[in-house]
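*Asks:* So here's work_14.cif, just mmCIF, C-alpha atoms:
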```
data_entry
loop_
_atom_site.label_atom_id
_atom_site.label_comp_id
_atom_site.auth_asym_id
_atom_site.auth_seq_id
_atom_site.Cartn_x
_atom_site.Cartn_y
_atom_site.Cartn_z
CA MET A 1 -28.42 -205.14 94.69
CA VAL A 2 -28.38 -202.08 96.97
CA ASP A 3 -31.22 -203.50 99.09
CA ALA A 4 -29.28 -206.73 99.67
CA VAL A 5 -26.21 -204.77 100.78
CA MET A 6 -28.28 -202.60 103.11
CA SER A 7 -29.95 -205.69 104.49
CA ASP A 8 -26.59 -207.32 105.15
CA GLU A 9 -25.31 -204.12 106.80
CA ALA A 10 -28.40 -204.00 109.00
CA ALA A 11 -27.91 -207.67 109.88
CA LEU A 12 -24.25 -206.99 110.68
CA LEU A 13 -25.20 -204.18 113.06
CA GLU A 14 -27.97 -206.25 114.68
CA LEU A 15 -25.55 -209.12 115.13
CA LEU A 16 -22.79 -206.96 116.62
CA ASN A 17 -25.28 -205.30 118.96
CA SER A 18 -26.67 -208.61 120.24
CA ALA A 19 -24.54 -208.44 123.39
CA PRO A 20 -25.55 -205.15 125.04
CA ILE A 21 -25.08 -203.97 128.60
CA VAL A 22 -28.55 -203.66 130.16
CA ASP A 23 -28.83 -201.81 133.47
CA GLY A 24 -25.11 -202.28 134.02
CA VAL A 25 -25.20 -206.03 133.37
CA PRO A 26 -23.62 -207.58 130.25
CA THR A 27 -26.14 -209.66 128.31
CA ASP A 28 -25.93 -211.87 125.25
CA GLU A 29 -28.99 -212.47 123.09
CA LEU A 30 -27.18 -215.39 121.43
CA ARG A 31 -26.88 -217.44 124.60
CA GLY A 32 -29.57 -219.26 126.49
CA ALA A 33 -33.01 -220.56 125.65
CA GLY A 34 -34.12 -217.55 123.60
CA ALA A 35 -31.12 -217.43 121.28
CA ALA A 36 -32.71 -219.31 118.37
CA ASP A 37 -35.86 -217.17 118.71
CA TRP A 38 -33.73 -214.01 118.61
CA LEU A 39 -32.07 -215.18 115.39
CA ARG A 40 -35.44 -215.96 113.79
CA ALA A 41 -36.88 -212.60 114.88
CA HIS A 42 -33.96 -210.82 113.20
CA ASP A 43 -34.05 -213.02 110.06
CA ILE A 44 -30.57 -214.32 110.78
CA PRO A 45 -30.12 -217.92 109.59
CA GLY A 46 -27.92 -220.49 111.30
CA THR A 47 -27.21 -221.55 114.83
CA PRO A 48 -26.54 -219.33 117.83
CA ALA A 49 -23.02 -220.79 118.08
CA ALA A 50 -22.20 -219.89 114.46
CA ALA A 51 -23.66 -216.40 114.91
CA ARG A 52 -21.62 -215.87 118.11
CA GLU A 53 -18.48 -217.04 116.36
CA VAL A 54 -18.72 -214.56 113.48
CA ARG A 55 -20.00 -211.78 115.78
CA ASP A 56 -17.10 -212.16 118.19
CA ALA A 57 -14.56 -212.32 115.36
CA ILE A 58 -15.84 -209.15 113.66
CA ALA A 59 -16.22 -207.33 117.00
CA GLY A 60 -12.63 -208.20 117.88
CA VAL A 61 -11.40 -206.85 114.54
CA VAL A 62 -13.42 -203.64 114.84
CA ARG A 63 -12.16 -203.07 118.38
CA GLY A 64 -8.58 -203.66 117.25
CA GLN A 65 -8.19 -206.77 119.42
CA ARG A 66 -7.84 -209.25 116.54
CA PRO A 67 -6.23 -209.06 113.11
CA ALA A 68 -8.59 -208.75 110.14
CA ALA A 69 -7.00 -211.88 108.67
CA GLU A 70 -9.02 -213.91 111.20
CA LEU A 71 -12.11 -213.20 109.09
CA GLN A 72 -10.66 -215.03 106.08
CA ARG A 73 -12.13 -218.35 107.19
CA PHE A 74 -15.65 -216.96 106.81
CA VAL A 75 -15.14 -215.94 103.17
CA ALA A 76 -12.65 -218.56 101.97
CA ASP A 77 -15.10 -220.33 99.63
CA VAL A 78 -17.08 -217.31 98.46
CA ARG A 79 -16.92 -215.62 95.10
CA GLN A 80 -19.03 -213.07 93.27
CA VAL A 81 -20.37 -213.84 89.81
CA PRO A 82 -22.11 -211.48 87.41
CA VAL A 83 -25.73 -212.28 86.60
CA VAL A 84 -27.44 -210.46 83.75
CA GLY A 85 -31.07 -209.73 84.45
CA GLY A 86 -33.85 -207.42 83.33
CA THR A 87 -32.23 -204.38 84.96
CA GLY A 88 -28.65 -205.08 83.92
CA VAL A 89 -25.75 -206.84 85.59
CA GLU A 90 -25.93 -207.71 89.26
CA TRP A 91 -23.27 -209.38 91.37
CA LYS A 92 -24.41 -212.45 93.26
CA LEU A 93 -22.53 -214.43 95.86
CA ALA A 94 -21.64 -217.95 94.83
CA GLY A 95 -19.91 -220.76 96.63
CA ALA A 96 -20.50 -221.12 100.34
CA ALA A 97 -22.42 -217.83 100.59
CA ARG A 98 -23.81 -218.36 104.07
CA PHE A 99 -24.73 -215.72 106.59
CA PRO A 100 -21.23 -215.43 108.14
CA SER A 101 -19.81 -214.73 104.67
CA ARG A 102 -22.42 -212.08 104.00
CA VAL A 103 -21.80 -210.19 107.24
CA VAL A 104 -18.02 -210.29 106.76
CA LEU A 105 -18.54 -208.82 103.28
CA ALA A 106 -20.88 -206.22 104.80
CA TRP A 107 -18.13 -205.39 107.33
CA ALA A 108 -15.70 -204.93 104.43
CA GLY A 109 -18.10 -202.44 102.87
CA VAL A 110 -18.36 -200.27 106.00
CA GLN A 111 -14.76 -200.33 107.22
CA GLY A 112 -13.83 -196.92 108.52
CA ARG A 113 -17.48 -196.19 109.28
CA LEU A 114 -18.20 -199.11 111.60
CA ARG A 115 -16.93 -198.52 115.11
CA PRO A 116 -17.66 -199.30 118.72
CA CYS A 117 -19.41 -196.71 120.85
CA GLU A 118 -16.88 -194.50 122.65
CA ASN A 119 -18.66 -195.09 125.95
CA VAL A 120 -16.59 -198.24 126.44
CA ALA A 121 -17.03 -198.29 130.21
CA GLU A 122 -20.82 -198.65 129.97
CA CYS A 123 -21.62 -199.70 126.40
CA THR A 124 -20.69 -202.56 124.09
CA LEU A 125 -22.74 -201.42 121.09
CA PHE A 126 -21.48 -200.57 117.62
CA LEU A 127 -22.54 -197.93 115.11
CA ILE A 128 -22.19 -197.29 111.41
CA ASP A 129 -21.40 -193.63 110.90
CA ARG A 130 -23.09 -192.36 107.77
CA SER A 131 -22.42 -188.69 108.51
CA LYS A 132 -20.55 -186.61 105.97
CA ALA A 133 -17.76 -185.82 108.43
CA ASN A 134 -17.55 -189.45 109.64
CA ALA A 135 -17.25 -188.09 113.18
CA ARG A 136 -20.02 -189.90 115.07
CA ARG A 137 -18.73 -191.26 118.36
CA TRP A 138 -21.64 -192.78 120.27
CA CYS A 139 -24.29 -195.38 119.55
CA SER A 140 -26.85 -192.87 120.83
CA MET A 141 -26.35 -189.20 121.58
CA SER A 142 -29.31 -189.24 123.98
CA THR A 143 -27.79 -191.93 126.16
CA CYS A 144 -24.07 -192.57 125.76
CA GLY A 145 -23.20 -189.16 124.31
CA ASN A 146 -24.98 -187.22 127.02
CA ARG A 147 -23.54 -189.41 129.77
CA LEU A 148 -19.98 -188.94 128.60
CA LYS A 149 -20.39 -185.21 128.01
CA ALA A 150 -21.94 -184.76 131.47
CA ARG A 151 -19.17 -186.82 133.06
CA ARG A 152 -16.46 -184.79 131.33
CA HIS A 153 -18.18 -181.56 132.38
CA GLN A 154 -18.28 -182.72 136.01
CA ASP A 155 -14.61 -183.72 135.82
CA ARG A 156 -13.69 -180.26 134.53
CA LEU A 157 -15.68 -178.61 137.34
CA ARG A 158 -13.94 -180.75 139.94
CA SER A 159 -10.48 -180.04 138.57
CA THR A 160 -10.89 -176.25 138.76
#
```
Once you've parsed the file, please lay out its structure as structure tokens.

*Replies:*
Amino acid sequence: MVDAVMSDEAALLELLNSAPIVDGVPTDELRGAGAADWLRAHDIPGTPAAAREVRDAIAGVVRGQRPAAELQRFVADVRQVPVVGGTGVEWKLAGAARFPSRVVLAWAGVQGRLRPCENVAECTLFLIDRSKANARRWCSMSTCGNRLKARRHQDRLRST
């Protein structure tokens, strides 16, 4: 069961990060001719439109722009049922357990650790902070973290 959760968390992060800013230009992997290929390459079932819909809803909730209640429609028909197998009891999704439901449930499992990169002026990516202190702020320290730290340093130099 842990592998399925990790897989759904990875899919959630891939989905949320499918609209990056590349060389200063906003892009969207789920629009245009290559969208279906992108979904297949990332093992994400469904249509680009459905993937965009759940991505934009979760992103809005994580950024504080939408209420979490908007995600209810993606999990309305889902339930978990216990299944006894060779290794014990596992919980399986039943009902309309489609990809949007799975990523919303993955979001529920990482609330408080899933956040947008703090470099909001130049980055639209998200991160799942697995650090003990839960203090990670950037999608990448080598890019966004260094840029922001350098910018703040320059601002301090200018103000003195």

*Asks:* Around all the atoms of range 110-123 of chain A listed in the file, with 3 Å of room on each side, what axis-aligned box do you get, giving centre and edge lengths in Å to one decimal, as JSON?

*Replies:*
```
{"center_x": -17.7, "center_y": -197.4, "center_z": 118.1, "size_x": 13.8, "size_y": 11.8, "size_z": 30.2}
```

*Asks:* Excluding range 43-50 of chain A and its own-chain neighbours fewer than 4 positions away, which residues fall within 12 Å of it when counting only C-alpha atoms? Please give them as a PyMOL selection string.

*Replies:* chain A and resi 7-8+10-15+18+28-39+54-57+74+97-103

*Asks:* Between CA of Lys92 in chain A and CA of Lys132 in chain A, what is the spacing in Å?

*Replies:*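 Result for CA of Lys132 in chain A versus CA of Lys92 in chain A: 29.1 Å, one decimal.
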
*Asks:* Would you work out the distance separating CA of Trp107 in chain A from CA of Glu53 in chain A, expressed in Å to one decimal?

*Replies:*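 For CA of Trp107 in chain A relative to CA of Glu53 in chain A, the distance reads 14.7 Å.
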
*Asks:* How many Å separate CA of Gly24 in chain A from CA of Arg52 in chain A?

*Replies:* 21.2 Å

*Asks:* Taking (-19.6, -220.7, 93.7) in the file's own coordinates, collect the residues within 12 Å, counting only C-alpha atoms, and hand them back as a PDB file with C-alpha atoms, keeping the file's coordinate frame.

*Replies:*
```pdb
ATOM      1  CA  VAL A  75     -15.140-215.940 103.170  1.00  0.00           C
ATOM      2  CA  ALA A  76     -12.650-218.560 101.970  1.00  0.00           C
ATOM      3  CA  ASP A  77     -15.100-220.330  99.630  1.00  0.00           C
ATOM      4  CA  VAL A  78     -17.080-217.310  98.460  1.00  0.00           C
ATOM      5  CA  ARG A  79     -16.920-215.620  95.100  1.00  0.00           C
ATOM      6  CA  GLN A  80     -19.030-213.070  93.270  1.00  0.00           C
ATOM      7  CA  VAL A  81     -20.370-213.840  89.810  1.00  0.00           C
ATOM      8  CA  PRO A  82     -22.110-211.480  87.410  1.00  0.00           C
ATOM      9  CA  LYS A  92     -24.410-212.450  93.260  1.00  0.00           C
ATOM     10  CA  LEU A  93     -22.530-214.430  95.860  1.00  0.00           C
ATOM     11  CA  ALA A  94     -21.640-217.950  94.830  1.00  0.00           C
ATOM     12  CA  GLY A  95     -19.910-220.760  96.630  1.00  0.00           C
ATOM     13  CA  ALA A  96     -20.500-221.120 100.340  1.00  0.00           C
ATOM     14  CA  ALA A  97     -22.420-217.830 100.590  1.00  0.00           C
ATOM     15  CA  ARG A  98     -23.810-218.360 104.070  1.00  0.00           C
TER      16      ARG A  98
END
```

*Asks:* For Asn119 in chain A, find every residue with an atom within 10 Å (counting all atoms listed in the file), except residues of its own chain fewer than 2 positions away, and show them as an NGL selection string.

*Replies:* :A and (116-117 or 121-125 or 137-140 or 143-145 or 147-148)

*Asks:* Would you mind telling me which residue in A:Arg40, A:Arg130, A:Arg115, A:Arg73 lies nearest to Gly60 in chain A when using only C-alpha atoms?

*Replies:*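 Nearest to Gly60 in chain A: A:Arg115.
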
*Asks:* Check the smallest atom-to-atom distance from each of A:Asp129, A:Asp23, A:Glu9, A:Glu90 to Gly112 in chain A using only C-alpha atoms, then report the winner.

*Replies:* A:Asp129

*Asks:* Please determine, counting all atoms listed in the file, which residue among A:Leu157, A:Ala51, A:Ile128, A:Ala135 has the shortest atom-to-atom distance to Ala106 in chain A.

*Replies:*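 With all atoms listed in the file as the atom set, the closest residue is A:Ile128.
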
*Asks:* So, counting all atoms listed in the file, which residue among A:Gly86, A:Leu127, A:Ala69, A:Asn17 is closest to Val110 in chain A?

*Replies:*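 Closest to Val110 in chain A, using all atoms listed in the file: A:Leu127.
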